[in-house]
Amino acid sequence: MLRVHGADGRAVTVDPAPFTYRMVRSTSFERQVHSLLARSPHGRLLRATADTVHDVPGGALVRCTLPTGRTLTLRARRVFDSRPPRELPPARTQMLQHFRGWFVRTDAERFDPAVADLMDFRVPQPAHGLAFGYVLPLAPDRALVEYTEFSRAPLTTDAYEAALGHYCRGVLGLGAFTVERTEQGVIPMTDARFPRRSGKAVYRIGTAGGATRPATGYTFAAVQRQSRAIAAALRDGRGTVPAPHGRRALAMDAVLLRALDTGRIDGPDFFTGLFRRVPPERLLRFLDGATSPAEEWGIGLRTPVRPMLRTAVELPFLPRRSRPIARNGESHR
């Protein structure tokens, strides 16, 4: 089950069926990929830092640095580049989803493993954007607890730690607990147009290629869809990278991001209202970009119509500007 706590303290719990909500651990995912590569007679795994990638006649060159410090140059007919860009493309709205999480173990059983708290707005809200807690139980006495903000800049580590401490003790009432591990990350939420190629033989994929859903930060499922589509295109002899999200979904996300960034809509009320008013199966498909125009129209009528319409009308007239990527110099995800 998935649960959302409104800022008023009232909770709404929904059944995600026919979907299943899971946490994919990076180490397990990496082992699975390595296992598949090991069974392929043409697969080879190389661990190195990709420093530069550029076109050359007939393909592309990748200059790498090996763990030993030695440099290596690889030549390929095609290169798929997922390295984060140094700066984001010009955008009308640029926010960040930034978070820090604790893997906690409590002295008593405090969690229900059958219920994940997707958004808990019972935390102090920032002056700009929104904030929420997140709880993914791993056992009755173990869970991943995160503090997340949608805003323009990350926090300091001390600020995250203070927010997490308040959430665990003041909101969740966990009692005595220990922090076994931490994770931290920053995800761009922007209506920028990400190029899917940076050269004739160099393709941008993942977040670098626009796979992150602008209004939610969801990336993993879109990357899997994009990877399957690329594999199918290569199998069919087409050297293309399909768009990870449809134009309609990106247009709706641009409106929502602008409305959040300007403060025209109240973020906690907006997301809580969606879970209270929209059937869960339809809402989860909407968040994943798999709904029809008729379904999206129905969902739109359950949002603050006037501020959303005002935002939709002004968007085409707003210039796209480049902004530096705000960083806090730390990432543990």
# chains A, B, ... in the order shown; residues from 1 in each chain; ligands from 1
$ residues_around --residues "Thr240 in chain A" --least-positions-apart "3" --cutoff "8 Å" --atoms "only C-alpha atoms" --output "PyMOL selection string"
chain A and resi 230+233-234
$ closest_residue --among "A:Arg204, A:Val278, A:Pro293, A:Ala139" --to "Gly246 in chain A" --atoms "only C-alpha atoms"
A:Pro293
$ residues_around --residues "range 301-305 of chain A" --least-positions-apart "6" --cutoff "10 Å" --atoms "only C-alpha atoms" --output "compact mmCIF listing (two decimals) with N, CA, C and O atoms, in the first residue's frame"
# COMPACT_ATOMS: atom_id res chain seq x y z
N ARG A 264 1.94 29.79 -7.36
CA ARG A 264 0.51 29.94 -7.68
C ARG A 264 -0.32 28.78 -7.15
O ARG A 264 -1.52 28.92 -6.94
N ILE A 265 0.32 27.63 -6.99
CA ILE A 265 -0.38 26.50 -6.38
C ILE A 265 0.38 26.08 -5.13
O ILE A 265 1.61 26.26 -5.04
N ASP A 266 -0.35 25.55 -4.18
CA ASP A 266 0.24 25.03 -2.95
C ASP A 266 0.65 23.58 -3.21
O ASP A 266 -0.20 22.72 -3.43
N ASP A 269 -0.93 20.71 -0.98
CA ASP A 269 -2.35 20.55 -1.28
C ASP A 269 -2.56 19.94 -2.65
O ASP A 269 -3.46 19.12 -2.85
N PHE A 270 -1.73 20.34 -3.61
CA PHE A 270 -1.88 19.85 -4.98
C PHE A 270 -1.68 18.34 -5.04
O PHE A 270 -2.54 17.61 -5.56
N PHE A 271 -0.55 17.86 -4.51
CA PHE A 271 -0.27 16.42 -4.61
C PHE A 271 -1.19 15.59 -3.72
O PHE A 271 -1.63 14.51 -4.13
N GLY A 273 -4.23 16.38 -2.96
CA GLY A 273 -5.52 16.38 -3.62
C GLY A 273 -5.62 15.37 -4.75
O GLY A 273 -6.65 14.73 -4.94
N LEU A 274 -4.53 15.20 -5.49
CA LEU A 274 -4.54 14.21 -6.56
C LEU A 274 -4.78 12.81 -6.01
O LEU A 274 -5.57 12.03 -6.55
N ARG A 276 -6.25 12.04 -3.27
CA ARG A 276 -7.57 11.92 -2.67
C ARG A 276 -8.69 11.85 -3.71
O ARG A 276 -9.75 11.26 -3.45
N ARG A 277 -8.48 12.44 -4.89
CA ARG A 277 -9.57 12.60 -5.84
C ARG A 277 -9.47 11.73 -7.09
O ARG A 277 -10.46 11.58 -7.80
N VAL A 278 -8.27 11.21 -7.38
CA VAL A 278 -8.07 10.44 -8.62
C VAL A 278 -7.88 8.97 -8.27
O VAL A 278 -7.12 8.65 -7.36
N THR A 311 -1.01 29.85 -15.98
CA THR A 311 0.37 29.44 -16.25
C THR A 311 0.52 28.91 -17.66
O THR A 311 1.50 29.21 -18.35
$ select_by_dssp --residues "range 72-249 of chain A" --states "strand (DSSP E)" --output "ChimeraX atom specification"
/A:72-76,79-81,94-106,116-120,130-139,142-151,177-190,202-204
$ closest_atom_pairs --of "range 26-119 of chain A" --to "range 6-18 of chain A" --cutoff "10 Å" --atoms "only C-alpha atoms" --output "tab-separated table"
residue	atom	partner	partner_atom	distance
A:Val115	CA	A:Thr13	CA	8.4
A:Ala116	CA	A:Thr13	CA	9.3
A:Asp117	CA	A:Thr13	CA	8.9
A:Leu118	CA	A:Thr13	CA	9.9
A:Met119	CA	A:Gly6	CA	8.2
$ residues_around --residues "Gln97 in chain A" --least-positions-apart "6" --cutoff "6 Å" --atoms "only C-alpha atoms" --output "list in words"
Glu149, Phe150, Val186 and Ile187 of chain A
$ residues_around --residues "Asp261 in chain A" --least-positions-apart "5" --cutoff "8 Å" --atoms "only C-alpha atoms" --output "ChimeraX atom specification"
/A:93,95,128-129,151
$ write_last_selection --atoms "N, CA, C and O atoms" --output "short mmCIF file (atom, residue, chain, number, x, y, z; two decimals), in the first residue's frame"
data_model
loop_
_atom_site.label_atom_id
_atom_site.label_comp_id
_atom_site.auth_asym_id
_atom_site.auth_seq_id
_atom_site.Cartn_x
_atom_site.Cartn_y
_atom_site.Cartn_z
N THR A 93 11.78 27.13 -16.51
CA THR A 93 11.72 26.80 -15.09
C THR A 93 12.79 25.76 -14.78
O THR A 93 12.93 24.78 -15.52
N MET A 95 13.98 23.71 -11.37
CA MET A 95 13.98 23.38 -9.95
C MET A 95 14.83 22.13 -9.75
O MET A 95 15.27 21.49 -10.72
N HIS A 128 9.98 28.68 -0.41
CA HIS A 128 9.81 28.51 -1.85
C HIS A 128 9.86 27.02 -2.18
O HIS A 128 10.76 26.32 -1.76
N GLY A 129 8.87 26.52 -2.90
CA GLY A 129 8.84 25.10 -3.26
C GLY A 129 8.04 24.30 -2.26
O GLY A 129 7.07 24.78 -1.67
N SER A 151 12.93 22.53 -4.80
CA SER A 151 13.25 23.95 -4.69
C SER A 151 14.40 24.26 -5.64
O SER A 151 14.80 23.42 -6.44
#
$ atom_distance --atom1 "CA of Phe317 in chain A" --atom2 "CA of Trp297 in chain A"
23.4 Å
$ atom_distance --atom1 "CA of Ser198 in chain A" --atom2 "CA of Val241 in chain A"
11.8 Å
